[in-house]
Structures are given as structure tokens and as C-alpha cells.
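*Asks:* Got a structure for you, target10.txt, holding compact mmCIF, C-alpha atoms.
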```
# COMPACT_ATOMS: atom_id res chain seq x y z
CA MET A 38 0.00 0.00 0.00
CA SER A 39 2.83 2.34 0.83
CA VAL A 40 4.36 1.66 -2.58
CA GLU A 41 1.06 2.51 -4.27
CA ASN A 42 0.77 5.69 -2.22
CA SER A 43 4.33 6.63 -3.13
CA THR A 44 3.66 6.04 -6.82
CA TYR A 45 0.47 8.08 -6.66
CA THR A 46 2.29 10.90 -4.91
CA GLU A 47 5.05 10.92 -7.51
CA ARG A 48 2.51 11.04 -10.31
CA ALA A 49 0.65 13.87 -8.63
CA GLN A 50 3.87 15.83 -8.16
CA THR A 51 4.82 15.25 -11.79
CA ALA A 52 1.39 16.42 -12.95
CA LEU A 53 1.63 19.54 -10.80
CA ALA A 54 5.11 20.31 -12.13
CA THR A 55 3.95 19.83 -15.74
CA ASN A 56 0.90 22.05 -15.21
CA SER A 57 3.14 24.69 -13.66
CA VAL A 58 5.50 24.68 -16.67
CA LEU A 59 2.57 24.87 -19.09
CA ARG A 60 0.90 27.69 -17.16
CA ASN A 61 4.12 29.68 -16.79
CA THR A 62 4.95 29.15 -20.46
CA TYR A 63 1.61 30.51 -21.65
CA MET A 64 1.79 33.45 -19.22
CA LEU A 65 5.30 34.40 -20.34
CA LEU A 66 4.43 33.80 -23.99
CA SER A 67 1.45 36.15 -23.70
CA ALA A 68 3.59 38.84 -22.07
CA THR A 69 6.37 38.57 -24.66
CA LEU A 70 3.92 38.60 -27.56
CA LEU A 71 2.30 41.73 -26.19
CA PHE A 72 5.68 43.39 -25.69
CA SER A 73 6.83 42.41 -29.17
CA ALA A 74 3.56 43.68 -30.69
CA VAL A 75 3.98 47.05 -28.96
CA VAL A 76 7.54 47.36 -30.26
CA ALA A 77 6.47 46.30 -33.77
CA GLY A 78 3.56 48.76 -33.75
CA THR A 79 5.79 51.60 -32.59
CA THR A 80 8.45 50.78 -35.18
CA ALA A 81 5.86 50.66 -37.94
CA ALA A 82 4.18 53.89 -36.83
CA LEU A 83 7.52 55.72 -36.80
CA HIS A 84 8.46 54.22 -40.19
CA LEU A 85 11.81 53.09 -38.80
CA PRO A 86 14.08 51.28 -41.26
CA TYR A 87 14.62 47.53 -41.35
CA PRO A 88 17.92 46.77 -39.57
CA GLY A 89 19.18 44.69 -42.47
CA PHE A 90 19.45 41.00 -43.18
CA ILE A 91 22.85 40.43 -41.56
CA ILE A 92 22.09 42.46 -38.42
CA THR A 93 18.78 40.65 -38.08
CA LEU A 94 20.44 37.23 -38.31
CA VAL A 95 23.24 38.12 -35.89
CA GLY A 96 20.84 39.73 -33.42
CA MET A 97 18.34 36.89 -33.62
CA PHE A 98 20.77 34.02 -33.17
CA GLY A 99 22.88 35.92 -30.65
CA LEU A 100 19.89 36.69 -28.44
CA MET A 101 18.53 33.15 -28.85
CA PHE A 102 21.87 31.83 -27.58
CA LEU A 103 21.71 34.29 -24.68
CA VAL A 104 18.22 33.10 -23.73
CA GLN A 105 19.36 29.48 -23.79
CA ALA A 106 22.44 30.29 -21.71
CA THR A 107 20.51 32.20 -19.04
CA SER A 108 17.27 30.20 -19.04
CA ASN A 109 17.91 28.74 -15.57
CA SER A 110 18.31 32.12 -13.90
CA ALA A 111 16.42 35.38 -13.49
CA TRP A 112 18.51 36.80 -16.32
CA GLY A 113 16.61 34.48 -18.61
CA LEU A 114 13.51 36.65 -18.26
CA LEU A 115 15.44 39.75 -19.28
CA SER A 116 16.98 37.83 -22.17
CA ILE A 117 13.65 36.58 -23.51
CA PHE A 118 12.20 40.09 -23.45
CA ALA A 119 15.33 41.43 -25.17
CA PHE A 120 14.93 38.77 -27.86
CA THR A 121 11.21 39.31 -28.40
CA GLY A 122 11.65 43.08 -28.37
CA PHE A 123 14.34 42.83 -31.03
CA MET A 124 12.16 40.55 -33.15
CA GLY A 125 9.31 43.03 -32.75
CA TYR A 126 11.61 45.78 -34.02
CA THR A 127 12.47 43.71 -37.11
CA LEU A 128 8.77 43.01 -37.69
CA GLY A 129 7.67 46.65 -37.59
CA PRO A 130 9.27 47.74 -40.89
CA ILE A 131 7.89 44.62 -42.59
CA ILE A 132 4.36 45.46 -41.46
CA ASP A 133 4.88 49.08 -42.47
CA MET A 134 5.97 47.95 -45.93
CA TYR A 135 2.78 45.94 -46.38
CA LEU A 136 0.66 48.84 -45.17
CA GLN A 137 2.38 51.21 -47.59
CA HIS A 138 2.71 48.88 -50.59
CA PHE A 139 -0.71 47.20 -50.64
CA ALA A 140 -4.04 49.00 -50.76
CA ASN A 141 -5.46 46.24 -48.54
CA GLY A 142 -2.32 46.04 -46.40
CA ALA A 143 -4.18 46.43 -43.11
CA GLN A 144 -6.50 43.60 -44.09
CA LEU A 145 -3.52 41.37 -45.01
CA VAL A 146 -1.85 42.02 -41.66
CA THR A 147 -5.09 41.32 -39.80
CA MET A 148 -5.67 38.11 -41.75
CA ALA A 149 -2.10 36.95 -41.06
CA MET A 150 -2.57 37.64 -37.34
CA GLY A 151 -5.88 35.78 -37.32
CA GLY A 152 -4.44 32.85 -39.24
CA THR A 153 -1.45 32.66 -36.91
CA GLY A 154 -3.69 32.67 -33.85
CA ALA A 155 -6.00 30.03 -35.31
CA ILE A 156 -3.11 27.71 -36.20
CA PHE A 157 -1.48 28.12 -32.79
CA VAL A 158 -4.71 27.43 -30.90
CA GLY A 159 -5.58 24.52 -33.17
CA MET A 160 -2.18 22.83 -33.00
CA SER A 161 -1.83 23.40 -29.25
CA GLY A 162 -5.35 22.11 -28.68
CA TYR A 163 -4.60 19.01 -30.71
CA ALA A 164 -1.45 18.27 -28.69
CA LEU A 165 -3.26 18.79 -25.40
CA ALA A 166 -6.35 16.79 -26.38
CA SER A 167 -4.45 13.87 -27.91
CA GLY A 168 -2.35 13.28 -24.80
CA LYS A 169 0.42 11.95 -27.05
CA ARG A 170 4.09 12.75 -26.96
CA PHE A 171 5.48 13.69 -30.35
CA ASN A 172 9.19 13.38 -29.54
CA GLN A 173 9.70 11.27 -32.66
CA TRP A 174 9.01 14.40 -34.69
CA GLY A 175 12.01 16.25 -33.26
CA GLY A 176 14.72 15.17 -35.67
CA MET A 177 12.49 15.48 -38.72
CA LEU A 178 11.38 18.98 -37.76
CA MET A 179 14.91 20.19 -37.05
CA MET A 180 16.14 18.87 -40.39
CA GLY A 181 13.19 20.43 -42.19
CA ILE A 182 13.76 23.80 -40.52
CA LEU A 183 17.46 23.70 -41.42
CA VAL A 184 16.66 22.94 -45.07
CA ALA A 185 13.99 25.68 -45.17
CA PHE A 186 16.39 28.17 -43.59
CA VAL A 187 19.11 27.45 -46.16
CA MET A 188 16.55 27.72 -48.95
CA SER A 189 15.39 31.08 -47.57
CA LEU A 190 18.97 32.36 -47.64
CA ILE A 191 19.32 31.28 -51.26
CA ALA A 192 15.98 32.91 -52.14
CA VAL A 193 17.07 36.21 -50.56
CA LEU A 194 20.61 36.24 -51.95
CA PHE A 195 19.57 35.36 -55.50
CA SER A 196 16.11 37.00 -55.49
CA ILE A 197 14.10 33.90 -56.46
CA PRO A 198 10.37 34.63 -55.85
CA ALA A 199 9.24 31.05 -56.55
CA LEU A 200 11.68 29.71 -53.97
CA SER A 201 10.52 32.31 -51.43
CA LEU A 202 6.95 31.13 -51.98
CA ALA A 203 7.96 27.50 -51.43
CA VAL A 204 9.89 28.42 -48.28
CA SER A 205 6.89 30.28 -46.85
CA MET A 206 4.69 27.24 -47.40
CA MET A 207 7.31 25.00 -45.82
CA PHE A 208 7.57 27.23 -42.76
CA VAL A 209 3.80 27.21 -42.24
CA LEU A 210 3.85 23.41 -42.15
CA LEU A 211 7.03 23.14 -40.09
CA MET A 212 5.99 25.71 -37.51
CA SER A 213 2.60 24.04 -37.15
CA GLY A 214 4.37 20.75 -36.46
CA LEU A 215 6.78 22.43 -34.04
CA ILE A 216 3.87 23.81 -31.99
CA VAL A 217 2.49 20.29 -31.62
CA TYR A 218 5.93 18.90 -30.78
CA GLN A 219 6.82 21.56 -28.20
CA THR A 220 3.43 21.38 -26.51
CA GLY A 221 3.73 17.61 -26.32
CA GLU A 222 7.17 17.93 -24.75
CA ILE A 223 5.82 20.28 -22.09
CA ILE A 224 2.86 18.14 -21.06
CA HIS A 225 4.98 14.97 -20.95
CA GLY A 226 7.90 16.47 -19.06
CA GLY A 227 10.31 16.58 -21.97
CA GLU A 228 10.67 20.34 -21.51
CA THR A 229 10.76 21.55 -17.91
CA ASN A 230 12.03 25.10 -18.46
CA TYR A 231 9.28 27.56 -19.28
CA ILE A 232 11.70 30.19 -20.62
CA ARG A 233 13.10 27.79 -23.23
CA ALA A 234 9.58 26.63 -24.06
CA THR A 235 8.48 30.24 -24.50
CA LEU A 236 11.42 30.90 -26.81
CA THR A 237 10.47 27.99 -29.08
CA LEU A 238 6.79 28.88 -29.20
CA PHE A 239 7.50 32.58 -29.81
CA VAL A 240 9.76 31.68 -32.75
CA THR A 241 7.03 29.46 -34.22
CA ILE A 242 4.45 32.25 -33.93
CA TYR A 243 6.82 34.84 -35.42
CA ASN A 244 7.69 32.62 -38.40
CA LEU A 245 4.06 31.63 -38.90
CA PHE A 246 2.98 35.26 -39.05
CA ILE A 247 5.76 36.25 -41.47
CA SER A 248 5.10 33.25 -43.72
CA LEU A 249 1.34 33.79 -43.80
CA LEU A 250 1.83 37.50 -44.49
CA GLN A 251 4.10 36.70 -47.43
CA LEU A 252 1.64 34.18 -48.83
CA LEU A 253 -1.28 36.57 -48.44
CA GLY A 254 0.72 39.33 -50.10
CA ILE A 255 1.32 37.09 -53.10
CA PHE A 256 -2.17 35.64 -53.47
CA ALA A 257 -4.45 38.32 -51.98
CA GLY A 258 -2.44 41.52 -52.18
CA ASP A 259 -4.06 44.49 -53.92
CA ASP A 260 -1.29 46.78 -55.24
```
Can the structure from this file be put into C-alpha cells for me?
*Replies:*
Amino acid sequence: MSVENSTYTERAQTALATNSVLRNTYMLLSATLLFSAVVAGTTAALHLPYPGFIITLVGMFGLMFLVQATSNSAWGLLSIFAFTGFMGYTLGPIIDMYLQHFANGAQLVTMAMGGTGAIFVGMSGYALASGKRFNQWGGMLMMGILVAFVMSLIAVLFSIPALSLAVSMMFVLLMSGLIVYQTGEIIHGGETNYIRATLTLFVTIYNLFISLLQLLGIFAGDD
């Protein structure tokens, strides 16, 4: 009986810890998304210039590394807000460009936001409702993201619109899968650090929004 009680207690503690990580992740994700949106809106309203492809890459990967390195300390919270604020700054000029270039730019941005939210809720809900762990997806997703990233670099460097379109479609699929994977890892104890989990989910949302905005600009944009 004591063994059964001990097992039950361990399971209860594990469930509480998992729920705590999930709750803290969603709370921090909401705060960082709001902060990033405010920065993006301010940058767009002031018509500030895009920092450039190289600066964006260096800043993004540098701050991601910083978040990972400090994720087990209070500095991790400052790092994640620095990262999401920087990404918001890079997003502002992109949104401004759509608002200026397309007659229905505001509608495109709104549709991209709505689509991003719907995909995130849908994929997260699926992972939570299924109760499955999708750890077998990890390697496939990482390889797919690496391939898509290299393809995006080629598309930018050589100005290949068709390749950019393909990359955007790939990122929509890959980020949708990554949401399911990361949520599954949280609820099954594979990810116990809510700062790292927030980083992953924020990146998926950012890439989803950018990819959907590009696709909408191509297929629904009104010059």
C-alpha cells in the first residue's frame, strides 16, 4: 500500500510540475507577444528602417543563444524580453511595408494575425487533447527547418520569388508541427524550463505570421 501511495504521490507531483511549466509558459508567452507587438507597432508607426538581413540574423541568433544560456536564472527573463523586443523591431518595418505597398495592407496584416492565432490554438489544442508525446518528430522537424532556412537564404541572396513562396509554405507546415511537438514535450515532461519553451513557441508564432503574411501578399495583395 505504501508503494502505491508513493507512486500516486510521484505522479501527482509530476502532474503539478507539468501544469506549472505549461501555465508559466503561456503566461510568459502572452507577455512577450504583447511586448513584441507594442515594439512592432511603434516601429511601424515611426516608419523606422529595417535593420538589415545580416544584423537581423546576428541579433536573432545571438539573443537566442543568450536566452538558452541564461534560461535557468532570473537573467533568462530579461533575455527573452530582449529577444522578443528585437524581433518586434524587425517586424515593424515589414508590417509598415505591407501597409504602404498594398491597398489592402491592413487587411492582409489582420488576416495573417488571425491565421497565426488560429493555427497556434488549433495545433496546441490538438497536442493537449491527444495526450500523445510527439518526440519522434524532433529530428524530422529540425532537419526540415534547417533545409527551409538554407533555402530562404538562397531565395534572398539570389532574389528567387518562386523559392521564397515554397519556403513560406514549408515554414507554415514546419511551424505548425513544431507547436504540436513543443506542446507535447511540455505536457509529458520533456521540456521543464518555461523560458526555453516560450522561446520555441515565440519563434514558431513569429515565423508563422511572417510566412502567412508573405503568402497573403502574393495571393491576396491588392497593389
*Asks:* What's the 12 Å shell around Gly176 in chain A, counting all atoms listed in the file, without same-chain residues fewer than 6 positions away, as a list in words?
*Replies:*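 Contacts, in chain order: Ile182, Leu183, Leu211, Gly214, Leu215 and Tyr218 of chain A.
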*Asks:* Which distance in Å separates CA of Thr153 in chain A and CA of Ile117 in chain A, to one decimal?
*Replies:*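 Taking CA of Thr153 in chain A and CA of Ile117 in chain A, their separation equals 20.6 Å.
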*Asks:* Just want the 12 Å neighbourhood of range 185-189 of chain A, counted on only C-alpha atoms, with same-chain residues fewer than 2 positions away dropped. Output as number ranges by chain.
*Replies:* A: 90, 94, 178-183, 191-212, 244, 248
*Asks:* Mind giving me the straight-line distance from CA of Phe256 in chain A to CA of Pro86 in chain A in Å, one decimal?
*Replies:*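 Going from CA of Phe256 in chain A over to CA of Pro86 in chain A covers 25.6 Å.
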*Asks:* When you look at Ser161 in chain A with a cut-off of 8 Å (counting only C-alpha atoms), what residues show up, excluding the ones that are within fewer than 2 positions of it in the same chain? I need them as a PyMOL selection string.
*Replies:* chain A and resi 157-159+163-165+216-217+220
*Asks:* Can you list, as a PyMOL selection string, every protein, DNA or RNA residue that comes within 8 Å of Phe72 in chain A when you count all atoms listed in the file, leaving out same-chain residues fewer than 3 positions away?
*Replies:* chain A and resi 68-69+75-76+118+121-122+125
*Asks:* To one decimal place in Å, what is the distance between CA of Ala257 in chain A and CA of Phe139 in chain A?
*Replies:*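 Going from CA of Ala257 in chain A over to CA of Phe139 in chain A covers 9.7 Å.
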*Asks:* I'd like to know which of A:Ala81, A:Leu190, A:Leu252, A:Ile232 is closest to Ser116 in chain A, using all atoms listed in the file.
*Replies:* A:Ile232
